[in-house]
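Chemist: Provided below: protein33.cif, containing mmCIF, C-alpha atoms and all ligand atoms.
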data_input
loop_
_atom_site.label_atom_id
_atom_site.label_comp_id
_atom_site.auth_asym_id
_atom_site.auth_seq_id
_atom_site.Cartn_x
_atom_site.Cartn_y
_atom_site.Cartn_z
CA MET D 112 66.88 158.57 73.00
CA SER D 113 63.63 156.71 73.68
CA TRP D 114 63.58 153.68 75.95
CA LYS D 115 61.00 150.90 76.07
CA ILE D 116 60.79 148.57 79.07
CA GLY D 117 59.21 145.15 78.50
CA GLY D 118 57.89 143.70 81.78
CA ALA D 119 56.30 145.58 84.68
CA GLY D 120 57.53 143.22 87.40
CA VAL D 121 60.13 144.18 90.00
CA ALA D 122 63.05 145.15 87.73
CA GLY D 123 60.88 146.88 85.09
CA SER D 124 58.78 148.87 87.55
CA TYR D 125 61.81 149.98 89.59
CA LEU D 126 63.72 151.04 86.49
CA PHE D 127 60.69 152.85 85.05
CA GLY D 128 60.28 154.79 88.32
CA ARG D 129 63.95 155.77 88.44
CA MET D 130 64.17 156.75 84.75
CA LYS D 131 60.85 158.62 84.65
CA ALA D 132 61.77 160.66 87.74
CA SER D 133 65.07 161.63 86.06
CA GLY D 134 63.39 162.85 82.88
CA PHE D 135 64.15 159.96 80.50
CA ASP D 136 61.76 159.34 77.60
CA VAL D 137 60.63 155.91 78.81
CA GLU D 138 57.56 153.67 78.37
CA ILE D 139 56.68 150.37 80.04
CA TYR D 140 54.70 147.44 78.56
CA ASP D 141 53.32 144.21 79.99
CA PRO D 142 50.53 141.96 78.69
CA LYS D 143 49.37 140.83 82.17
CA ARG D 144 46.04 141.90 83.72
CA PRO D 145 46.51 144.55 86.43
CA ASN D 146 47.09 142.85 89.81
CA PHE D 147 47.65 139.47 88.10
CA TYR D 148 49.16 137.17 90.72
CA ILE D 149 52.53 135.97 89.39
CA PRO D 150 53.87 133.18 91.63
CA CYS D 151 56.39 134.49 94.16
CA GLY D 152 56.78 133.91 97.90
CA PHE D 153 56.85 137.72 98.40
CA ALA D 154 59.67 137.25 100.94
CA THR D 155 62.49 139.73 101.04
CA ASN D 156 65.07 141.24 103.34
CA ARG D 157 63.60 144.50 104.69
CA ASN D 158 67.10 145.83 105.44
CA SER D 159 68.36 145.27 101.88
CA ILE D 160 65.28 146.53 100.02
CA ASP D 161 64.79 149.64 102.13
CA PRO D 162 67.62 151.78 100.65
CA TYR D 163 66.25 151.16 97.14
CA LEU D 164 62.66 151.97 98.19
CA LYS D 165 63.89 155.24 99.67
CA LYS D 166 65.28 156.29 96.28
CA LEU D 167 61.65 156.23 95.06
CA SER D 168 60.26 157.81 98.25
CA ILE D 169 58.51 154.59 99.29
CA SER D 170 58.61 153.51 102.91
CA PHE D 171 58.89 149.82 103.76
CA ASP D 172 55.79 150.13 105.99
CA GLU D 173 53.65 150.95 102.93
CA ILE D 174 54.37 147.57 101.37
CA ALA D 175 55.05 145.35 104.41
CA GLU D 176 52.84 142.28 104.95
CA VAL D 177 54.76 140.62 107.79
CA ASP D 178 57.70 142.64 109.09
CA THR D 179 60.16 139.92 110.20
CA GLY D 180 59.13 136.80 112.13
CA ARG D 181 60.59 133.56 113.44
CA ILE D 182 62.49 131.39 110.96
CA TRP D 183 62.51 127.60 111.01
CA ILE D 184 64.59 125.38 108.76
CA SER D 185 64.65 121.62 108.45
CA GLY D 186 66.56 119.41 106.08
CA ASN D 187 67.78 116.00 105.21
CA ASN D 188 70.18 115.65 108.14
CA PHE D 189 68.66 118.00 110.67
CA GLU D 190 65.36 118.42 112.47
CA LYS D 191 63.32 121.60 112.37
CA THR D 192 65.58 124.22 113.97
CA GLU D 193 65.15 127.91 114.62
CA PHE D 194 67.53 130.23 112.75
CA LEU D 195 68.18 133.85 113.68
CA GLN D 196 66.53 136.73 111.87
CA ASN D 197 68.47 139.09 109.64
CA GLY D 198 65.50 141.03 108.16
CA LEU D 199 63.39 138.33 106.44
CA SER D 200 59.89 139.76 105.86
CA THR D 201 57.03 139.54 103.36
CA ILE D 202 55.72 142.35 101.18
CA ASN D 203 52.79 143.12 98.90
CA LYS D 204 54.77 142.76 95.65
CA MET D 205 52.06 144.10 93.32
CA LYS D 206 51.55 147.19 95.48
CA MET D 207 55.31 147.75 95.56
CA GLU D 208 55.51 147.55 91.76
CA LEU D 209 52.67 150.09 91.38
CA LEU D 210 54.27 152.48 93.87
CA MET D 211 57.62 152.09 92.10
CA ARG D 212 55.96 153.24 88.87
CA GLY D 213 54.71 156.31 90.73
CA GLY D 214 51.17 154.89 90.57
CA MET D 215 51.24 154.85 86.75
CA PRO D 216 49.71 151.93 84.85
CA TYR D 217 51.80 150.05 82.27
CA GLN D 218 50.73 149.77 78.63
CA ARG D 219 49.02 146.40 78.11
CA GLY D 220 50.75 144.35 75.42
CA MET D 221 54.07 143.73 73.72
CA ILE D 222 56.55 146.29 72.37
CA ASN D 223 56.19 146.43 68.58
CA ASP D 224 58.69 149.22 67.89
CA ARG D 225 61.93 147.35 67.31
CA ASN D 226 63.91 150.56 66.60
CA SER D 227 63.99 151.78 70.22
CA VAL D 228 66.31 150.36 72.83
CA ILE D 229 64.34 147.61 74.58
CA LEU D 230 65.03 146.73 78.19
CA ASP D 231 63.98 143.12 78.63
CA CYS D 232 62.62 142.84 82.19
CA THR D 233 60.31 139.93 81.34
CA GLY D 234 61.84 137.52 83.87
CA ILE D 235 61.71 133.83 83.07
CA SER D 236 60.23 134.41 79.58
CA ARG D 237 63.07 136.54 78.06
CA ALA D 238 60.39 137.68 75.60
CA TYR D 239 62.71 140.06 73.70
CA LEU D 240 66.18 138.59 74.29
CA GLY D 241 65.12 135.12 73.21
CA LYS D 242 65.80 131.68 74.60
CA VAL D 243 69.18 130.44 75.84
CA GLN D 244 70.29 126.96 74.76
CA SER D 245 71.90 126.04 78.09
CA ASP D 246 69.21 127.65 80.29
CA GLN D 247 68.95 126.10 83.78
CA THR D 248 65.50 126.26 85.36
CA MET D 249 63.53 124.54 88.12
CA PHE D 250 59.81 123.87 88.54
CA ALA D 251 58.00 125.98 91.13
CA ILE D 252 54.43 125.74 92.41
CA GLU D 253 52.83 127.93 95.02
CA LYS D 254 49.45 127.76 96.77
CA VAL D 255 47.82 130.80 98.34
CA CYS D 256 46.38 129.37 101.59
CA LYS D 257 44.18 130.72 104.37
CA SER D 258 46.12 128.84 107.05
CA SER D 259 49.41 127.00 107.54
CA PRO D 260 50.58 124.40 110.09
CA TYR D 261 53.82 126.40 110.38
CA ASP D 262 54.30 129.61 112.31
CA GLY D 263 56.72 132.18 110.95
CA PHE D 264 58.90 131.45 107.95
CA TYR D 265 59.47 127.75 107.34
CA PHE D 266 61.93 126.14 104.88
CA ASN D 267 62.39 122.42 104.34
CA PHE D 268 65.25 121.44 102.04
CA PHE D 269 64.84 118.34 99.84
CA ARG D 270 67.55 115.68 99.80
CA ARG D 271 70.70 116.43 97.79
CA GLY D 272 69.91 120.07 97.02
CA ARG D 273 67.01 119.04 94.75
CA GLY D 274 64.84 121.95 95.88
CA TYR D 275 62.89 123.15 98.89
CA PHE D 276 59.44 123.62 100.42
CA TRP D 277 58.39 126.91 102.01
CA SER D 278 55.58 128.41 104.05
CA PHE D 279 55.68 132.21 104.34
CA PRO D 280 53.20 134.30 106.36
CA LEU D 281 51.43 137.29 104.82
CA GLY D 282 48.96 139.68 106.47
CA ASP D 283 45.84 137.55 105.88
CA ARG D 284 47.12 134.44 104.09
CA TYR D 285 50.15 132.18 103.54
CA HIS D 286 52.27 131.40 100.53
CA ILE D 287 52.99 127.68 100.62
CA GLY D 288 55.14 126.42 97.81
CA ALA D 289 57.92 124.23 96.59
CA GLY D 290 60.55 124.45 93.89
CA GLY D 291 62.79 121.72 92.59
CA VAL D 292 64.23 119.74 89.72
CA ASP D 293 61.54 117.03 89.76
CA LEU D 294 57.97 118.17 89.19
CA GLY D 295 56.57 115.02 90.85
CA GLU D 296 58.60 115.66 94.01
CA VAL D 297 57.51 119.32 94.06
CA ARG D 298 53.83 118.30 93.74
CA SER D 299 54.14 115.66 96.45
CA TYR D 300 55.24 118.25 99.04
CA LEU D 301 52.17 120.36 98.30
CA ALA D 302 49.49 117.67 97.88
CA GLN D 303 48.11 118.06 101.42
CA PHE D 304 47.50 121.81 101.12
CA ASN D 305 44.32 123.38 99.78
CA GLY D 306 44.98 126.75 98.21
CA THR D 307 42.45 129.39 97.23
CA SER D 308 44.63 129.55 94.11
CA ILE D 309 47.46 127.47 92.72
CA LEU D 310 50.15 129.18 90.70
CA SER D 311 53.13 127.78 88.88
CA ARG D 312 56.01 128.83 86.68
CA LYS D 313 59.62 127.90 86.15
CA ILE D 314 62.40 129.79 87.91
CA ARG D 315 65.83 130.53 86.39
CA MET D 316 68.62 128.92 88.44
CA ALA D 317 71.78 130.07 86.64
CA PRO D 318 72.97 133.39 85.24
CA THR D 319 72.88 133.67 81.45
CA ILE D 320 76.47 134.95 81.20
CA GLY D 321 77.22 135.87 77.57
CA GLU D 322 73.49 136.27 76.83
CA ILE D 323 72.62 139.54 78.52
CA ILE D 324 72.52 141.84 75.47
CA SER D 325 71.31 141.09 71.96
CA GLY D 326 71.42 143.92 69.40
CA ASN D 327 69.35 146.77 70.85
CA VAL D 328 67.83 144.56 73.59
CA ILE D 329 69.37 144.66 77.09
CA GLY D 330 68.32 142.20 79.80
CA ILE D 331 67.75 143.14 83.44
CA GLY D 332 66.64 140.98 86.39
CA GLU D 333 65.63 137.33 86.17
CA SER D 334 65.68 137.54 82.35
CA ILE D 335 69.49 137.31 82.60
CA GLY D 336 69.47 135.03 85.63
CA TYR D 337 70.32 137.83 88.06
CA ILE D 338 68.81 135.79 90.89
CA SER D 339 70.32 133.90 93.79
CA PRO D 340 70.39 130.23 92.73
CA LEU D 341 70.49 128.88 96.30
CA LEU D 342 67.00 129.94 97.40
CA GLY D 343 65.59 131.50 94.23
CA GLU D 344 65.69 134.93 95.84
CA GLY D 345 65.13 137.38 92.99
CA ILE D 346 63.37 140.50 94.29
CA VAL D 347 66.31 142.44 95.74
CA PRO D 348 68.76 141.16 93.06
CA ALA D 349 66.37 142.40 90.29
CA ILE D 350 66.26 145.84 91.92
CA GLU D 351 70.04 145.89 92.49
CA ASN D 352 70.52 145.01 88.81
CA ALA D 353 68.08 147.74 87.66
CA GLU D 354 69.87 150.31 89.84
CA LYS D 355 73.22 149.37 88.26
CA PHE D 356 71.69 149.90 84.83
CA PHE D 357 70.12 153.20 85.89
CA ASN D 358 73.49 154.50 87.13
CA ILE D 359 75.09 153.71 83.80
CA VAL D 360 72.40 155.32 81.58
CA SER D 361 72.55 158.36 83.85
CA SER D 362 76.20 158.83 82.85
CA THR D 363 76.05 158.14 79.09
CA GLU D 364 73.46 157.59 76.35
CA ASP D 365 75.98 156.01 73.98
CA ILE D 366 74.61 152.52 73.52
CA HIS D 367 78.01 150.93 72.83
CA GLU D 368 79.46 152.44 76.01
CA ILE D 369 76.34 151.43 77.98
CA SER D 370 76.70 147.81 76.81
CA ILE D 371 80.35 147.61 77.91
CA LYS D 372 79.88 149.37 81.26
CA TYR D 373 76.70 147.41 82.08
CA THR D 374 78.28 144.04 81.29
CA ASP D 375 81.27 144.96 83.49
CA SER D 376 79.06 146.10 86.35
CA VAL D 377 77.00 142.90 86.56
CA MET D 378 79.73 140.36 85.92
CA LYS D 379 81.18 139.95 89.44
CA ARG D 380 77.83 139.08 91.06
CA MET D 381 76.86 136.90 88.10
CA GLN D 382 80.11 134.94 88.47
CA ASN D 383 79.22 134.37 92.14
CA PHE D 384 75.74 133.19 91.12
CA LYS D 385 77.43 130.84 88.65
CA LEU D 386 79.65 129.38 91.41
CA ILE D 387 76.62 128.74 93.62
CA SER D 388 74.63 127.27 90.77
CA THR D 389 77.52 124.87 90.03
CA LEU D 390 77.65 124.00 93.75
CA VAL D 391 73.93 123.11 93.68
CA SER D 392 74.36 120.99 90.50
CA ASN D 393 77.37 119.22 92.04
CA ILE D 394 75.42 118.38 95.20
CA GLN D 395 72.51 117.11 93.11
CA SER D 396 74.85 114.76 91.26
CA GLY D 397 76.57 113.56 94.47
CA LYS D 398 79.86 115.47 94.01
CA THR D 399 80.12 117.03 97.45
CA LEU D 400 83.67 117.43 98.78
CA THR D 401 85.32 119.26 95.90
CA ALA D 402 87.61 122.31 96.24
CA GLY D 403 85.22 124.32 94.05
CA ASN D 404 82.28 123.48 96.31
CA ILE D 405 84.10 124.62 99.44
CA MET D 406 84.92 127.94 97.79
CA ALA D 407 81.33 128.37 96.59
CA ALA D 408 79.91 127.47 100.04
CA ARG D 409 81.19 130.79 101.38
CA HIS D 410 79.20 132.67 98.73
CA ALA D 411 76.16 130.47 99.41
CA MET D 412 76.18 131.38 103.12
CA LYS D 413 76.36 135.05 102.15
CA GLU D 414 73.26 134.57 99.99
CA LEU D 415 71.35 133.19 103.01
CA LYS D 416 72.32 136.28 104.98
CA ASN D 417 71.28 138.52 102.07
CA PHE D 418 67.82 136.92 102.12
CA GLY D 419 67.45 137.74 105.81
CA ILE D 420 68.58 134.58 107.60
CA LYS D 421 71.66 134.41 109.86
CA PRO D 422 73.35 131.25 108.61
CA ASP D 423 74.28 128.45 111.01
CA TYR D 424 77.18 127.08 108.99
CA LEU D 425 77.52 123.72 110.68
CA LYS D 426 73.86 122.77 110.45
CA ILE D 427 73.69 123.69 106.81
CA LEU D 428 76.93 122.01 105.80
CA ARG D 429 75.86 118.82 107.60
CA HIS D 430 72.68 118.79 105.51
CA PHE D 431 74.46 119.10 102.20
CA LEU D 432 77.73 117.18 102.69
C1 LIG D 501 57.22 130.28 92.97
C2 LIG D 501 58.26 131.35 93.12
C3 LIG D 501 58.50 131.90 94.37
C4 LIG D 501 59.44 132.94 94.51
N1 LIG D 501 59.60 133.48 95.74
C5 LIG D 501 60.47 134.49 95.90
C6 LIG D 501 60.59 135.12 97.17
O1 LIG D 501 59.90 134.80 98.13
N2 LIG D 501 61.50 136.12 97.29
C7 LIG D 501 62.28 136.54 96.24
O2 LIG D 501 63.10 137.45 96.43
N3 LIG D 501 62.16 135.96 95.02
C8 LIG D 501 61.27 134.98 94.81
N4 LIG D 501 61.10 134.43 93.58
C9 LIG D 501 61.86 134.99 92.45
C10 LIG D 501 61.31 136.38 92.09
O3 LIG D 501 59.89 136.35 92.01
C11 LIG D 501 61.84 136.83 90.74
O4 LIG D 501 63.19 136.47 90.57
C12 LIG D 501 61.72 138.34 90.62
O5 LIG D 501 60.36 138.72 90.67
C13 LIG D 501 62.37 138.76 89.31
O6 LIG D 501 62.00 140.06 88.98
P1 LIG D 501 61.92 140.47 87.45
O7 LIG D 501 61.44 141.87 87.43
O8 LIG D 501 63.18 140.12 86.77
O9 LIG D 501 60.80 139.51 86.86
P2 LIG D 501 59.20 139.38 87.30
O10 LIG D 501 59.03 140.07 88.59
O11 LIG D 501 58.94 137.96 87.11
O12 LIG D 501 58.53 140.26 86.20
C14 LIG D 501 58.47 139.89 84.85
C15 LIG D 501 57.34 140.65 84.20
O13 LIG D 501 57.43 140.45 82.79
C16 LIG D 501 56.12 140.30 82.30
N5 LIG D 501 56.17 139.69 80.99
C17 LIG D 501 56.22 138.39 80.66
N6 LIG D 501 56.23 138.28 79.32
C18 LIG D 501 56.19 139.53 78.82
C19 LIG D 501 56.18 140.08 77.52
N7 LIG D 501 56.16 139.30 76.46
N8 LIG D 501 56.15 141.44 77.36
C20 LIG D 501 56.14 142.24 78.44
N9 LIG D 501 56.11 141.77 79.71
C21 LIG D 501 56.15 140.43 79.89
C22 LIG D 501 55.40 139.51 83.36
O14 LIG D 501 53.98 139.69 83.26
C23 LIG D 501 55.96 140.16 84.62
O15 LIG D 501 55.18 141.26 85.04
C24 LIG D 501 60.17 133.40 93.39
C25 LIG D 501 59.94 132.83 92.13
C26 LIG D 501 59.00 131.82 91.98
C27 LIG D 501 58.75 131.24 90.64
#
Just dump the structure as structure tokens.
Ligand SMILES: Cc1cc2nc3c(=O)[nH]c(=O)nc-3n(C[C@H](O)[C@H](O)[C@H](O)COP(=O)(O)OP(=O)(O)OC[C@H]3O[C@@H](n4cnc5c(N)ncnc54)[C@H](O)[C@@H]3O)c2cc1C
Modeler:
Amino acid sequence: MSWKIGGAGVAGSYLFGRMKASGFDVEIYDPKRPNFYIPCGFATNRNSIDPYLKKLSISFDEIAEVDTGRIWISGNNFEKTEFLQNGLSTINKMKMELLMRGGMPYQRGMINDRNSVILDCTGISRAYLGKVQSDQTMFAIEKVCKSSPYDGFYFNFFRRGRGYFWSFPLGDRYHIGAGGVDLGEVRSYLAQFNGTSILSRKIRMAPTIGEIISGNVIGIGESIGYISPLLGEGIVPAIENAEKFFNIVSSTEDIHEISIKYTDSVMKRMQNFKLISTLVSNIQSGKTLTAGNIMAARHAMKELKNFGIKPDYLKILRHFL
């Protein structure tokens, strides 16, 4: 069987590397210019990404920009406070994607052959799966800056879970950005910063349960909302999702069986993402002390830890409730 991957971002590049190394007949396509800077904070948990990098013989040191650092969080009801590290670092995302593809370039353009199985790894655009009626997205803008008034990793949560501001250190620059439901509010947090470039795109904030496969197109990564809706952490989830898919196609090439097994394998985490996304929507609309929110809060704290931050439950709950 021949496989065509649309999108040479995190999920697409990882999957291409894994499939190519295992002898699959696979091609990868993306219309972007090589090294095109797609907005992303480039922050990830070095402890969580490392096992996946090892599967492609990449060492974390090859892609590290800042290998852990101090973490500061402020919010509506609490002053800037230091949180403990759990692996939060920054990476060179474009270099990682190239290394994941074994140094191979992608084919510039769209996939025109609609007879192959297409793996839609096109992130927010869902270029092959198509749009979802009930899609939930937020605005995100990021400035690439030469300096920052914040040392280490800094997060500032907007009131009522409406988004957050970040400043992340890289080797020779900073990613300063904000994401939220109101574009005006997002812009206001960034107005004082001068970036050498300003990048923006929407970010998917809820899993597209029920819309992950369409005919011979299968979605992987942010295209199906496999992203943590609390902080918009999508790098490790996209890789985790691609690895799940790789394990399934390694055991069968029957497309019907793949569809069933893949859907099963992603559903538990997607249901957790859904709970957190509902928690965020509830907080935004002022519904705070509900039984559902309390249950989802546990998953939300786990997501903080996954991103590389040891959660301080009381401080965070005080901010949101
Ligand atoms: C401003 C911002 C900051 C973020 N910061 C972080 C962060 O610090 N840490 C973190 O973990 N996550 C972060 N995220 C989320 C993270 O970037 C994504 O969730 C993650 O990259 C998803 O991986 P992916 O492979 O699914 O999609 P992407 O990495 O977005 O890759 C999608 C690829 O598809 C390509 N594409 C688009 N259209 C087509 C088409 N028609 N045909 C073929 N290819 C196409 C694009 O060019 C791109 O290369 C951030 C997101 C935003 C918007």
Chemist: Please provide as a PyMOL selection string all residues within 8 Å of D:Asp293, with the sequence filter that same-chain residues fewer than 6 positions apart are discarded (counting all atoms listed in the file).
Modeler: chain D and resi 249-250+273
Chemist: In Å, rounded to a single decimal, give me how far atom CA of D:Met207 is from atom CA of D:Asn146.
Modeler: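 Here the two named atoms are 11.2 Å from each other.
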Chemist: Can you work out which one of D:Leu209, D:Val347, D:Ala289, D:Leu281 has the shortest atom-to-atom distance to D:Ser159, counting only C-alpha atoms?
Modeler: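 Closest residue, counting only C-alpha atoms: D:Val347.
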Chemist: Dig up all the protein and nucleic acid residues within 12 Å of (73.0, 123.8, 91.9) in the file frame, using only C-alpha atoms, and format them as a JSON list (two decimals) with C-alpha atoms, keeping the file's coordinate frame.
Modeler:
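Written output follows (selection03.json):
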[["chain", "number", "residue", "atom", "x", "y", "z"],
["D", 247, "GLN", "CA", 68.95, 126.10, 83.78],
["D", 248, "THR", "CA", 65.50, 126.26, 85.36],
["D", 249, "MET", "CA", 63.53, 124.54, 88.12],
["D", 271, "ARG", "CA", 70.70, 116.43, 97.79],
["D", 272, "GLY", "CA", 69.91, 120.07, 97.02],
["D", 273, "ARG", "CA", 67.01, 119.04, 94.75],
["D", 274, "GLY", "CA", 64.84, 121.95, 95.88],
["D", 291, "GLY", "CA", 62.79, 121.72, 92.59],
["D", 292, "VAL", "CA", 64.23, 119.74, 89.72],
["D", 315, "ARG", "CA", 65.83, 130.53, 86.39],
["D", 316, "MET", "CA", 68.62, 128.92, 88.44],
["D", 317, "ALA", "CA", 71.78, 130.07, 86.64],
["D", 318, "PRO", "CA", 72.97, 133.39, 85.24],
["D", 339, "SER", "CA", 70.32, 133.90, 93.79],
["D", 340, "PRO", "CA", 70.39, 130.23, 92.73],
["D", 341, "LEU", "CA", 70.49, 128.88, 96.30],
["D", 342, "LEU", "CA", 67.00, 129.94, 97.40],
["D", 343, "GLY", "CA", 65.59, 131.50, 94.23],
["D", 384, "PHE", "CA", 75.74, 133.19, 91.12],
["D", 385, "LYS", "CA", 77.43, 130.84, 88.65],
["D", 386, "LEU", "CA", 79.65, 129.38, 91.41],
["D", 387, "ILE", "CA", 76.62, 128.74, 93.62],
["D", 388, "SER", "CA", 74.63, 127.27, 90.77],
["D", 389, "THR", "CA", 77.52, 124.87, 90.03],
["D", 390, "LEU", "CA", 77.65, 124.00, 93.75],
["D", 391, "VAL", "CA", 73.93, 123.11, 93.68],
["D", 392, "SER", "CA", 74.36, 120.99, 90.50],
["D", 393, "ASN", "CA", 77.37, 119.22, 92.04],
["D", 394, "ILE", "CA", 75.42, 118.38, 95.20],
["D", 395, "GLN", "CA", 72.51, 117.11, 93.11],
["D", 396, "SER", "CA", 74.85, 114.76, 91.26],
["D", 397, "GLY", "CA", 76.57, 113.56, 94.47],
["D", 398, "LYS", "CA", 79.86, 115.47, 94.01],
["D", 399, "THR", "CA", 80.12, 117.03, 97.45],
["D", 404, "ASN", "CA", 82.28, 123.48, 96.31],
["D", 407, "ALA", "CA", 81.33, 128.37, 96.59],
["D", 408, "ALA", "CA", 79.91, 127.47, 100.04],
["D", 411, "ALA", "CA", 76.16, 130.47, 99.41],
["D", 431, "PHE", "CA", 74.46, 119.10, 102.20]]
Chemist: In Å, how far is it from atom CA of D:Tyr337 to atom CA of D:Ala349?
Modeler: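 For atom CA of D:Tyr337 relative to atom CA of D:Ala349, the distance reads 6.4 Å.
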Chemist: Residues up to 7 Å from ligand LIG 501 (chain D), counting all atoms listed in the file: could you list those as number ranges by chain?
Modeler: D: 117-123, 140-143, 150-155, 220-222, 232-236, 238, 251-253, 288, 290, 311-314, 331-334, 338, 343-347, 349
Chemist: Out of D:Ala353, D:Ile420, D:Leu230, D:Val360, which residue has the shortest atom-to-atom distance to D:Phe266 when counting all atoms listed in the file?
Modeler: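 When distances to D:Phe266 are compared using all atoms listed in the file, the smallest one comes from D:Ile420.
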Chemist: Give me the residues within 12 Å of D:Met112 as a ChimeraX atom specification, counting only C-alpha atoms and dropping any in the same chain fewer than 6 places off.
Modeler: /D:134-138,226-229,360,363-366
Chemist: Here is a test: counting all atoms listed in the file, which residue of D:Gly128, D:Pro280, D:Gly186, D:Gly336 is nearest to D:Leu199?
Modeler: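 Of D:Gly128, D:Pro280, D:Gly186, D:Gly336, the one nearest D:Leu199, counting all atoms listed in the file, is D:Pro280.
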Chemist: Would you kindly return, as JSON, numbers by chain, each protein, DNA or RNA residue with an atom no farther than 7 Å from any atom of D:Val255, considering all atoms listed in the file and excluding same-chain residues fewer than 6 positions away?
Modeler: {"D": [284, 285, 286, 287, 306, 307, 308, 309]}
Chemist: Have a look at atom CA of D:Ile116 and atom CA of D:Asp231 and let me know their distance in Å, one decimal.
Modeler: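 If I compute the distance from atom CA of D:Ile116 to atom CA of D:Asp231, I get 6.3 Å.
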Chemist: Looking at only C-alpha atoms, which of D:Ser325, D:Ser170, D:Gln196, D:Thr319 is the one that sits closest to D:Val377?
Modeler: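 Of the candidates, the smallest distance to D:Val377 is held by D:Thr319.
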Chemist: Missing atoms in stretch 377-395 of chain D need filling: write out N, CA and C atoms for it as a PDB file, in the coordinates of the input.
Modeler:
ATOM      1  N   VAL D 377      77.776 144.036  86.038  1.00  0.00           N
ATOM      2  CA  VAL D 377      77.000 142.900  86.560  1.00  0.00           C
ATOM      3  C   VAL D 377      77.834 141.618  86.689  1.00  0.00           C
ATOM      4  N   MET D 378      79.024 141.623  86.073  1.00  0.00           N
ATOM      5  CA  MET D 378      79.730 140.360  85.920  1.00  0.00           C
ATOM      6  C   MET D 378      80.174 139.721  87.244  1.00  0.00           C
ATOM      7  N   LYS D 379      80.650 140.539  88.211  1.00  0.00           N
ATOM      8  CA  LYS D 379      81.180 139.950  89.440  1.00  0.00           C
ATOM      9  C   LYS D 379      80.078 139.154  90.170  1.00  0.00           C
ATOM     10  N   ARG D 380      78.910 139.776  90.333  1.00  0.00           N
ATOM     11  CA  ARG D 380      77.830 139.080  91.060  1.00  0.00           C
ATOM     12  C   ARG D 380      77.354 137.870  90.257  1.00  0.00           C
ATOM     13  N   MET D 381      77.327 138.029  88.918  1.00  0.00           N
ATOM     14  CA  MET D 381      76.860 136.900  88.100  1.00  0.00           C
ATOM     15  C   MET D 381      77.830 135.722  88.191  1.00  0.00           C
ATOM     16  N   GLN D 382      79.129 136.028  88.301  1.00  0.00           N
ATOM     17  CA  GLN D 382      80.110 134.940  88.470  1.00  0.00           C
ATOM     18  C   GLN D 382      79.876 134.229  89.801  1.00  0.00           C
ATOM     19  N   ASN D 383      79.528 134.998  90.847  1.00  0.00           N
ATOM     20  CA  ASN D 383      79.220 134.370  92.140  1.00  0.00           C
ATOM     21  C   ASN D 383      77.970 133.496  92.038  1.00  0.00           C
ATOM     22  N   PHE D 384      76.942 134.000  91.331  1.00  0.00           N
ATOM     23  CA  PHE D 384      75.740 133.190  91.120  1.00  0.00           C
ATOM     24  C   PHE D 384      76.105 131.888  90.402  1.00  0.00           C
ATOM     25  N   LYS D 385      77.022 132.014  89.443  1.00  0.00           N
ATOM     26  CA  LYS D 385      77.430 130.840  88.650  1.00  0.00           C
ATOM     27  C   LYS D 385      78.095 129.805  89.563  1.00  0.00           C
ATOM     28  N   LEU D 386      78.978 130.298  90.477  1.00  0.00           N
ATOM     29  CA  LEU D 386      79.650 129.380  91.410  1.00  0.00           C
ATOM     30  C   LEU D 386      78.638 128.632  92.261  1.00  0.00           C
ATOM     31  N   ILE D 387      77.626 129.369  92.751  1.00  0.00           N
ATOM     32  CA  ILE D 387      76.620 128.740  93.620  1.00  0.00           C
ATOM     33  C   ILE D 387      75.766 127.766  92.820  1.00  0.00           C
ATOM     34  N   SER D 388      75.452 128.150  91.593  1.00  0.00           N
ATOM     35  CA  SER D 388      74.630 127.270  90.770  1.00  0.00           C
ATOM     36  C   SER D 388      75.378 125.973  90.452  1.00  0.00           C
ATOM     37  N   THR D 389      76.709 126.077  90.260  1.00  0.00           N
ATOM     38  CA  THR D 389      77.520 124.870  90.030  1.00  0.00           C
ATOM     39  C   THR D 389      77.568 124.026  91.310  1.00  0.00           C
ATOM     40  N   LEU D 390      77.664 124.703  92.464  1.00  0.00           N
ATOM     41  CA  LEU D 390      77.650 124.000  93.750  1.00  0.00           C
ATOM     42  C   LEU D 390      76.360 123.174  93.879  1.00  0.00           C
ATOM     43  N   VAL D 391      75.226 123.801  93.558  1.00  0.00           N
ATOM     44  CA  VAL D 391      73.930 123.110  93.680  1.00  0.00           C
ATOM     45  C   VAL D 391      73.900 121.908  92.713  1.00  0.00           C
ATOM     46  N   SER D 392      74.355 122.107  91.468  1.00  0.00           N
ATOM     47  CA  SER D 392      74.360 120.990  90.500  1.00  0.00           C
ATOM     48  C   SER D 392      75.273 119.867  90.983  1.00  0.00           C
ATOM     49  N   ASN D 393      76.443 120.239  91.551  1.00  0.00           N
ATOM     50  CA  ASN D 393      77.370 119.220  92.040  1.00  0.00           C
ATOM     51  C   ASN D 393      76.742 118.396  93.162  1.00  0.00           C
ATOM     52  N   ILE D 394      76.058 119.089  94.086  1.00  0.00           N
ATOM     53  CA  ILE D 394      75.420 118.380  95.200  1.00  0.00           C
ATOM     54  C   ILE D 394      74.336 117.452  94.665  1.00  0.00           C
ATOM     55  N   GLN D 395      73.582 117.943  93.676  1.00  0.00           N
ATOM     56  CA  GLN D 395      72.510 117.110  93.110  1.00  0.00           C
ATOM     57  C   GLN D 395      73.079 115.840  92.472  1.00  0.00           C
TER      58      GLN D 395
END
